[in-house]
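The next block is start.csv, given as CSV, N, CA and C atoms.
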```csv
chain,number,residue,atom,x,y,z
A,419,MET,N,106.9,106.7,129.6
A,419,MET,CA,107.3,105.3,129.4
A,419,MET,C,108.5,105.2,128.5
A,420,ARG,N,109.5,104.5,128.9
A,420,ARG,CA,110.8,104.4,128.2
A,420,ARG,C,110.9,102.9,127.7
A,421,ALA,N,111.7,102.7,126.7
A,421,ALA,CA,111.9,101.4,126.0
A,421,ALA,C,112.3,100.4,127.0
A,422,ALA,N,113.0,100.7,128.1
A,422,ALA,CA,113.5,99.8,129.0
A,422,ALA,C,112.3,99.2,129.8
A,423,ASN,N,111.2,99.8,129.9
A,423,ASN,CA,110.1,99.3,130.6
A,423,ASN,C,109.2,98.4,129.8
A,424,VAL,N,109.5,98.2,128.6
A,424,VAL,CA,108.7,97.4,127.7
A,424,VAL,C,109.2,95.9,127.8
A,425,SER,N,108.3,95.0,128.2
A,425,SER,CA,108.7,93.6,128.4
A,425,SER,C,108.3,92.8,127.1
A,426,PRO,N,109.2,92.0,126.6
A,426,PRO,CA,108.9,91.2,125.5
A,426,PRO,C,108.1,89.9,125.8
A,427,ALA,N,107.8,89.8,127.1
A,427,ALA,CA,107.1,88.6,127.6
A,427,ALA,C,105.7,88.5,127.0
A,428,VAL,N,105.1,87.3,127.2
A,428,VAL,CA,103.8,87.0,126.8
A,428,VAL,C,102.8,87.6,127.9
A,429,ALA,N,101.8,88.2,127.5
A,429,ALA,CA,100.8,88.8,128.4
A,429,ALA,C,99.4,88.3,128.1
A,430,ARG,N,98.5,88.5,129.0
A,430,ARG,CA,97.1,88.1,128.7
A,430,ARG,C,96.2,89.3,128.6
A,431,ASP,N,95.3,89.2,127.6
A,431,ASP,CA,94.4,90.3,127.4
A,431,ASP,C,93.2,90.2,128.4
A,432,GLY,N,92.2,91.0,128.3
A,432,GLY,CA,91.1,91.0,129.2
A,432,GLY,C,90.3,89.7,129.2
A,433,ASN,N,90.4,88.9,128.2
A,433,ASN,CA,89.7,87.7,128.1
A,433,ASN,C,90.5,86.5,128.5
A,434,GLY,N,91.8,86.7,129.0
A,434,GLY,CA,92.6,85.6,129.4
A,434,GLY,C,93.4,85.0,128.2
A,435,HIS,N,93.3,85.5,127.0
A,435,HIS,CA,94.0,85.0,125.9
A,435,HIS,C,95.4,85.5,125.9
A,436,GLU,N,96.4,84.6,125.5
A,436,GLU,CA,97.8,85.1,125.5
A,436,GLU,C,98.0,85.9,124.2
A,437,ARG,N,98.8,87.0,124.4
A,437,ARG,CA,99.2,87.8,123.3
A,437,ARG,C,100.6,88.3,123.6
A,438,SER,N,101.4,88.4,122.5
A,438,SER,CA,102.8,88.8,122.8
A,438,SER,C,102.8,90.3,122.9
A,439,GLN,N,103.8,90.8,123.6
A,439,GLN,CA,104.0,92.2,123.8
A,439,GLN,C,104.7,92.8,122.5
A,440,PRO,N,104.4,94.0,122.1
A,440,PRO,CA,105.2,94.5,121.0
A,440,PRO,C,106.6,94.7,121.4
A,441,SER,N,107.5,94.5,120.4
A,441,SER,CA,108.9,94.6,120.7
A,441,SER,C,109.3,96.1,120.9
A,442,THR,N,110.4,96.2,121.6
A,442,THR,CA,110.9,97.6,121.9
A,442,THR,C,111.2,98.3,120.6
A,443,ARG,N,111.8,97.6,119.6
A,443,ARG,CA,112.1,98.2,118.4
A,443,ARG,C,110.9,98.8,117.7
A,444,ARG,N,109.8,98.1,117.7
A,444,ARG,CA,108.6,98.6,117.0
A,444,ARG,C,108.0,99.8,117.8
A,445,LEU,N,108.3,99.9,119.1
A,445,LEU,CA,107.7,100.9,119.9
A,445,LEU,C,108.6,102.2,120.0
A,446,SER,N,109.8,102.1,119.5
A,446,SER,CA,110.8,103.2,119.6
A,446,SER,C,110.3,104.5,119.0
A,447,HIS,N,109.5,104.4,117.9
A,447,HIS,CA,109.0,105.7,117.3
A,447,HIS,C,107.9,106.3,118.2
A,448,LEU,N,107.2,105.5,119.0
A,448,LEU,CA,106.2,106.1,119.8
A,448,LEU,C,106.8,106.7,121.1
A,449,LEU,N,108.0,106.4,121.4
A,449,LEU,CA,108.6,106.8,122.7
A,449,LEU,C,109.4,108.1,122.5
A,450,LYS,N,109.5,108.6,121.3
A,450,LYS,CA,110.3,109.8,121.1
A,450,LYS,C,109.5,111.0,121.6
A,451,GLU,N,109.8,111.5,122.8
A,451,GLU,CA,109.0,112.6,123.4
A,451,GLU,C,109.5,113.9,123.0
A,452,ASP,N,110.7,114.0,122.4
A,452,ASP,CA,111.3,115.3,122.2
A,452,ASP,C,111.4,115.6,120.7
A,453,SER,N,110.5,115.1,119.9
A,453,SER,CA,110.5,115.4,118.5
A,453,SER,C,109.2,116.2,118.2
A,454,MET,N,109.3,117.1,117.2
A,454,MET,CA,108.2,117.9,116.8
A,454,MET,C,107.4,117.3,115.7
A,455,THR,N,106.1,117.2,115.9
A,455,THR,CA,105.2,116.6,114.8
A,455,THR,C,104.9,117.7,113.8
A,456,LYS,N,104.3,117.3,112.7
A,456,LYS,CA,104.0,118.3,111.7
A,456,LYS,C,103.0,119.3,112.2
A,457,ASN,N,102.0,118.8,112.9
A,457,ASN,CA,101.0,119.7,113.5
A,457,ASN,C,101.5,120.7,114.5
A,458,GLU,N,102.5,120.2,115.3
A,458,GLU,CA,103.2,121.2,116.2
A,458,GLU,C,104.0,122.2,115.5
A,459,LEU,N,104.7,121.8,114.4
A,459,LEU,CA,105.4,122.7,113.6
A,459,LEU,C,104.5,123.8,112.9
A,460,ILE,N,103.4,123.3,112.4
A,460,ILE,CA,102.4,124.2,111.8
A,460,ILE,C,101.9,125.2,112.8
A,461,ALA,N,101.6,124.7,114.0
A,461,ALA,CA,101.1,125.6,115.1
A,461,ALA,C,102.1,126.6,115.5
A,462,ALA,N,103.4,126.2,115.6
A,462,ALA,CA,104.5,127.1,116.0
A,462,ALA,C,104.7,128.2,114.9
A,463,ILE,N,104.7,127.8,113.7
A,463,ILE,CA,104.9,128.8,112.6
A,463,ILE,C,103.7,129.7,112.5
A,464,ALA,N,102.5,129.2,112.7
A,464,ALA,CA,101.3,130.1,112.6
A,464,ALA,C,101.4,131.1,113.7
A,465,GLU,N,101.8,130.7,114.9
A,465,GLU,CA,101.9,131.6,116.0
A,465,GLU,C,103.0,132.7,115.8
A,466,GLU,N,104.1,132.2,115.3
A,466,GLU,CA,105.2,133.1,115.0
A,466,GLU,C,104.9,134.1,113.9
A,467,THR,N,104.2,133.7,112.9
A,467,THR,CA,103.9,134.6,111.7
A,467,THR,C,102.6,135.3,111.8
A,468,GLY,N,101.7,134.9,112.6
A,468,GLY,CA,100.3,135.5,112.7
A,468,GLY,C,99.4,134.9,111.5
A,469,LYS,N,99.9,133.9,110.8
A,469,LYS,CA,99.1,133.3,109.8
A,469,LYS,C,98.2,132.2,110.4
A,470,THR,N,97.2,131.8,109.6
A,470,THR,CA,96.3,130.7,110.1
A,470,THR,C,97.0,129.4,109.9
A,471,LYS,N,96.6,128.4,110.7
A,471,LYS,CA,97.2,127.0,110.6
A,471,LYS,C,96.9,126.5,109.2
A,472,ALA,N,95.8,126.8,108.6
A,472,ALA,CA,95.4,126.3,107.3
A,472,ALA,C,96.4,126.9,106.2
A,473,ASP,N,96.7,128.2,106.4
A,473,ASP,CA,97.7,128.8,105.5
A,473,ASP,C,99.0,128.2,105.6
A,474,VAL,N,99.5,128.0,106.8
A,474,VAL,CA,100.8,127.4,107.0
A,474,VAL,C,100.9,126.0,106.5
A,475,SER,N,99.8,125.2,106.7
A,475,SER,CA,99.7,123.9,106.2
A,475,SER,C,99.8,123.8,104.7
A,476,ALA,N,99.1,124.7,104.1
A,476,ALA,CA,99.2,124.8,102.6
A,476,ALA,C,100.6,125.2,102.1
A,477,ILE,N,101.2,126.1,102.8
A,477,ILE,CA,102.6,126.5,102.4
A,477,ILE,C,103.5,125.3,102.6
A,478,LEU,N,103.4,124.6,103.7
A,478,LEU,CA,104.3,123.4,103.9
A,478,LEU,C,104.1,122.4,102.8
A,479,THR,N,102.9,122.1,102.5
A,479,THR,CA,102.5,121.1,101.5
A,479,THR,C,103.1,121.6,100.1
A,480,SER,N,103.0,122.8,99.8
A,480,SER,CA,103.5,123.4,98.6
A,480,SER,C,105.0,123.3,98.6
A,481,LEU,N,105.6,123.6,99.7
A,481,LEU,CA,107.1,123.5,99.8
A,481,LEU,C,107.6,122.1,99.5
A,482,GLY,N,106.9,121.1,100.1
A,482,GLY,CA,107.3,119.7,99.9
A,482,GLY,C,107.2,119.3,98.4
A,483,ALA,N,106.1,119.7,97.8
A,483,ALA,CA,105.9,119.4,96.4
A,483,ALA,C,106.9,120.1,95.5
A,484,THR,N,107.2,121.4,95.8
A,484,THR,CA,108.2,122.1,95.0
A,484,THR,C,109.6,121.6,95.1
A,485,VAL,N,110.0,121.2,96.3
A,485,VAL,CA,111.3,120.6,96.6
A,485,VAL,C,111.4,119.3,95.8
A,486,ALA,N,110.4,118.5,95.9
A,486,ALA,CA,110.4,117.2,95.2
A,486,ALA,C,110.6,117.4,93.7
A,487,LYS,N,109.8,118.3,93.1
A,487,LYS,CA,109.9,118.6,91.7
A,487,LYS,C,111.3,119.1,91.3
A,488,THR,N,111.8,120.0,92.1
A,488,THR,CA,113.1,120.5,91.8
A,488,THR,C,114.2,119.5,91.9
A,489,LEU,N,114.2,118.6,92.9
A,489,LEU,CA,115.2,117.6,93.1
A,489,LEU,C,115.1,116.6,91.9
A,490,LYS,N,113.9,116.3,91.5
A,490,LYS,CA,113.6,115.3,90.4
A,490,LYS,C,114.3,115.8,89.1
A,491,LYS,N,114.2,117.1,88.9
A,491,LYS,CA,114.9,117.7,87.8
A,491,LYS,C,116.4,117.7,87.8
A,492,GLY,N,116.9,117.4,89.0
A,492,GLY,CA,118.4,117.4,89.2
A,492,GLY,C,119.0,118.6,89.8
A,493,ASP,N,118.1,119.6,90.1
A,493,ASP,CA,118.6,120.8,90.7
A,493,ASP,C,118.7,120.7,92.3
A,494,ASP,N,119.5,121.5,92.9
A,494,ASP,CA,119.6,121.6,94.3
A,494,ASP,C,118.6,122.6,94.9
A,495,VAL,N,118.2,122.5,96.2
A,495,VAL,CA,117.4,123.4,96.8
A,495,VAL,C,118.1,123.9,98.1
A,496,THR,N,118.3,125.2,98.1
A,496,THR,CA,118.9,125.8,99.3
A,496,THR,C,117.8,126.5,100.1
A,497,LEU,N,117.7,126.2,101.4
A,497,LEU,CA,116.8,126.8,102.3
A,497,LEU,C,117.6,127.7,103.2
A,498,GLY,N,117.6,129.0,103.0
A,498,GLY,CA,118.4,129.9,103.8
A,498,GLY,C,118.3,129.7,105.3
A,499,GLY,N,119.5,129.6,105.9
A,499,GLY,CA,119.5,129.5,107.3
A,499,GLY,C,119.3,128.0,107.8
A,500,ILE,N,118.9,127.1,106.9
A,500,ILE,CA,118.6,125.8,107.3
A,500,ILE,C,119.6,124.8,106.7
A,501,GLY,N,119.6,124.7,105.4
A,501,GLY,CA,120.6,123.8,104.7
A,501,GLY,C,120.3,123.7,103.2
A,502,LYS,N,120.9,122.7,102.6
A,502,LYS,CA,120.8,122.5,101.2
A,502,LYS,C,120.4,121.0,100.9
A,503,LEU,N,119.4,120.8,100.1
A,503,LEU,CA,118.9,119.5,99.7
A,503,LEU,C,119.5,119.3,98.3
A,504,SER,N,119.9,118.0,98.1
A,504,SER,CA,120.4,117.7,96.7
A,504,SER,C,120.1,116.2,96.5
A,505,ALA,N,119.9,115.9,95.2
A,505,ALA,CA,119.7,114.5,94.8
A,505,ALA,C,121.0,113.9,94.3
A,506,ALA,N,121.3,112.7,94.8
A,506,ALA,CA,122.5,112.0,94.4
A,506,ALA,C,122.2,110.6,93.9
A,507,LYS,N,122.9,110.2,92.9
A,507,LYS,CA,122.7,108.8,92.4
A,507,LYS,C,123.6,107.8,93.2
A,508,ARG,N,122.9,106.8,93.6
A,508,ARG,CA,123.7,105.7,94.3
A,508,ARG,C,123.7,104.5,93.4
A,509,GLU,N,125.0,104.1,93.1
A,509,GLU,CA,125.2,103.0,92.2
A,509,GLU,C,124.6,101.6,92.7
A,510,ALA,N,124.4,100.7,91.8
A,510,ALA,CA,124.0,99.4,92.2
A,510,ALA,C,125.1,98.7,93.0
A,511,ARG,N,124.8,97.9,94.0
A,511,ARG,CA,125.9,97.2,94.7
A,511,ARG,C,125.4,95.9,95.3
A,512,GLU,N,126.3,95.2,95.8
A,512,GLU,CA,126.0,93.9,96.5
A,512,GLU,C,126.1,94.2,98.0
A,513,ALA,N,125.2,93.6,98.8
A,513,ALA,CA,125.2,93.8,100.2
A,513,ALA,C,124.9,92.4,100.8
A,514,ARG,N,125.0,92.3,102.1
A,514,ARG,CA,124.7,91.1,102.8
A,514,ARG,C,123.4,91.3,103.7
A,515,ASN,N,122.6,90.3,103.6
A,515,ASN,CA,121.4,90.2,104.5
A,515,ASN,C,121.9,89.9,105.9
A,516,PRO,N,121.8,90.8,106.9
A,516,PRO,CA,122.4,90.5,108.2
A,516,PRO,C,121.8,89.3,108.9
A,517,SER,N,120.5,88.9,108.6
A,517,SER,CA,120.0,87.8,109.4
A,517,SER,C,120.3,86.5,108.8
A,518,THR,N,120.6,86.4,107.4
A,518,THR,CA,120.9,85.1,106.8
A,518,THR,C,122.3,85.1,106.3
A,519,GLY,N,123.0,86.2,106.1
A,519,GLY,CA,124.3,86.3,105.6
A,519,GLY,C,124.4,86.1,104.1
A,520,ALA,N,123.2,86.0,103.4
A,520,ALA,CA,123.2,85.8,102.0
A,520,ALA,C,123.5,87.1,101.3
A,521,THR,N,124.2,87.0,100.2
A,521,THR,CA,124.5,88.2,99.4
A,521,THR,C,123.3,88.6,98.5
A,522,ILE,N,122.9,89.9,98.5
A,522,ILE,CA,121.8,90.4,97.7
A,522,ILE,C,122.3,91.5,96.9
A,523,LYS,N,121.6,91.7,95.8
A,523,LYS,CA,121.9,92.8,94.9
A,523,LYS,C,120.9,94.0,95.2
A,524,VAL,N,121.6,95.1,95.5
A,524,VAL,CA,120.8,96.4,95.8
A,524,VAL,C,120.8,97.2,94.5
A,525,PRO,N,119.6,97.5,94.0
A,525,PRO,CA,119.6,98.3,92.7
A,525,PRO,C,120.1,99.7,92.9
A,526,ALA,N,120.5,100.3,91.8
A,526,ALA,CA,120.8,101.7,91.8
A,526,ALA,C,119.6,102.5,92.1
A,527,LYS,N,119.8,103.7,92.7
A,527,LYS,CA,118.7,104.5,93.0
A,527,LYS,C,119.1,106.0,93.3
A,528,THR,N,118.2,106.9,93.3
A,528,THR,CA,118.5,108.3,93.6
A,528,THR,C,118.1,108.5,95.0
A,529,VAL,N,119.0,109.2,95.8
A,529,VAL,CA,118.7,109.5,97.2
A,529,VAL,C,118.7,111.0,97.4
A,530,VAL,N,118.1,111.4,98.5
A,530,VAL,CA,118.1,112.8,98.8
A,530,VAL,C,119.2,113.0,99.9
A,531,LYS,N,120.0,114.0,99.7
A,531,LYS,CA,121.1,114.3,100.7
A,531,LYS,C,120.7,115.7,101.3
A,532,PHE,N,121.1,115.9,102.5
A,532,PHE,CA,120.9,117.2,103.2
A,532,PHE,C,122.2,117.6,103.9
A,533,LYS,N,122.6,118.9,103.7
A,533,LYS,CA,123.7,119.4,104.3
A,533,LYS,C,123.3,120.7,105.1
A,534,VAL,N,123.4,120.6,106.4
A,534,VAL,CA,123.0,121.7,107.3
A,534,VAL,C,123.9,122.9,107.1
A,535,THR,N,123.4,124.1,107.3
A,535,THR,CA,124.2,125.3,107.2
A,535,THR,C,125.0,125.4,108.5
A,536,LYS,N,126.2,126.1,108.4
A,536,LYS,CA,127.0,126.3,109.6
A,536,LYS,C,126.3,127.1,110.6
A,537,ASP,N,125.5,128.1,110.3
A,537,ASP,CA,124.8,128.9,111.2
A,537,ASP,C,123.8,128.1,112.1
A,538,LEU,N,123.1,127.2,111.4
A,538,LEU,CA,122.2,126.3,112.2
A,538,LEU,C,122.9,125.3,113.1
A,539,ALA,N,124.0,124.8,112.5
A,539,ALA,CA,124.8,123.8,113.3
A,539,ALA,C,125.4,124.5,114.6
A,540,ASP,N,125.8,125.8,114.4
A,540,ASP,CA,126.4,126.5,115.5
A,540,ASP,C,125.3,126.9,116.5
A,541,ALA,N,124.1,127.2,116.0
A,541,ALA,CA,123.0,127.6,116.9
A,541,ALA,C,122.5,126.4,117.8
A,542,VAL,N,122.6,125.2,117.2
A,542,VAL,CA,122.2,124.0,118.0
A,542,VAL,C,123.3,123.5,118.9
A,543,ALA,N,124.5,123.7,118.6
A,543,ALA,CA,125.6,123.2,119.4
A,543,ALA,C,125.7,123.9,120.8
```

Would you put the structure from the file into structure tokens?
Amino acid sequence: MRAANVSPAVARDGNGHERSQPSTRRLSHLLKEDSMTKNELIAAIAEETGKTKADVSAILTSLGATVAKTLKKGDDVTLGGIGKLSAAKREAREARNPSTGATIKVPAKTVVKFKVTKDLADAVA
């Protein structure tokens, strides 16, 4: 099923009650057929390394926690052959609400940036 097949029209349920169809925008995340889920990643790594899925899951959970702690301290994390994660401060700014046109204040925050390695970029190209 592709997004073009989703109709925004009103439909009737099994009891004859009208209900609106979900919008294409809300369904877009369900229609991504070519993305890997966390469970699929765990299974692939387990098969590749000969480890159990439980071991791989624990390692990925630990990796996430360690990366978060490291970035919070202000240090970068380099994942060999994949890329580099870093934390960057984004200054407060004014923006416009696209639906109303009203000016809103966006507070300062810290965001995570990712820069892919040349090797990975070349392998995908």

Would you list the contacts of region 504-507 of chain A as a PyMOL selection string, taking every protein, DNA or RNA residue within 10 Å and counting only C-alpha atoms, but skipping same-chain residues closer than 5 positions in sequence?
chain A and resi 485-486+488-496+526-533

Could you check how far CA of Thr479 (chain A) sits from CA of Lys502 (chain A), in Å to one decimal?
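Those two atoms sit 18.4 Å apart.
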
Separating CA of Ala539 (chain A) from CA of Leu503 (chain A), to the nearest tenth of an Å, is a gap of 15.4 Å

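Taking CA of Ser453 (chain A) as the reference point, CA of Gly468 (chain A) is found at 23.3 Å.
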
I'd like to know which of A:Val474, A:Val524, A:Val542, A:Ile463 is closest to Arg508 (chain A), using only C-alpha atoms.
A:Val524

Find the residue from A:Ala543, A:Leu497, A:Met454, A:Ile460 that sits nearest to Ser475 (chain A); use only C-alpha atoms when measuring.
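Looking only at the distances to Ser475 (chain A), the closest residue turns out to be A:Ile460.
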
Smallest atom-to-atom distance to Asn457 (chain A): which of A:Ala510, A:Ala483, A:Ile522, A:Ala472, using only C-alpha atoms?
A:Ala472
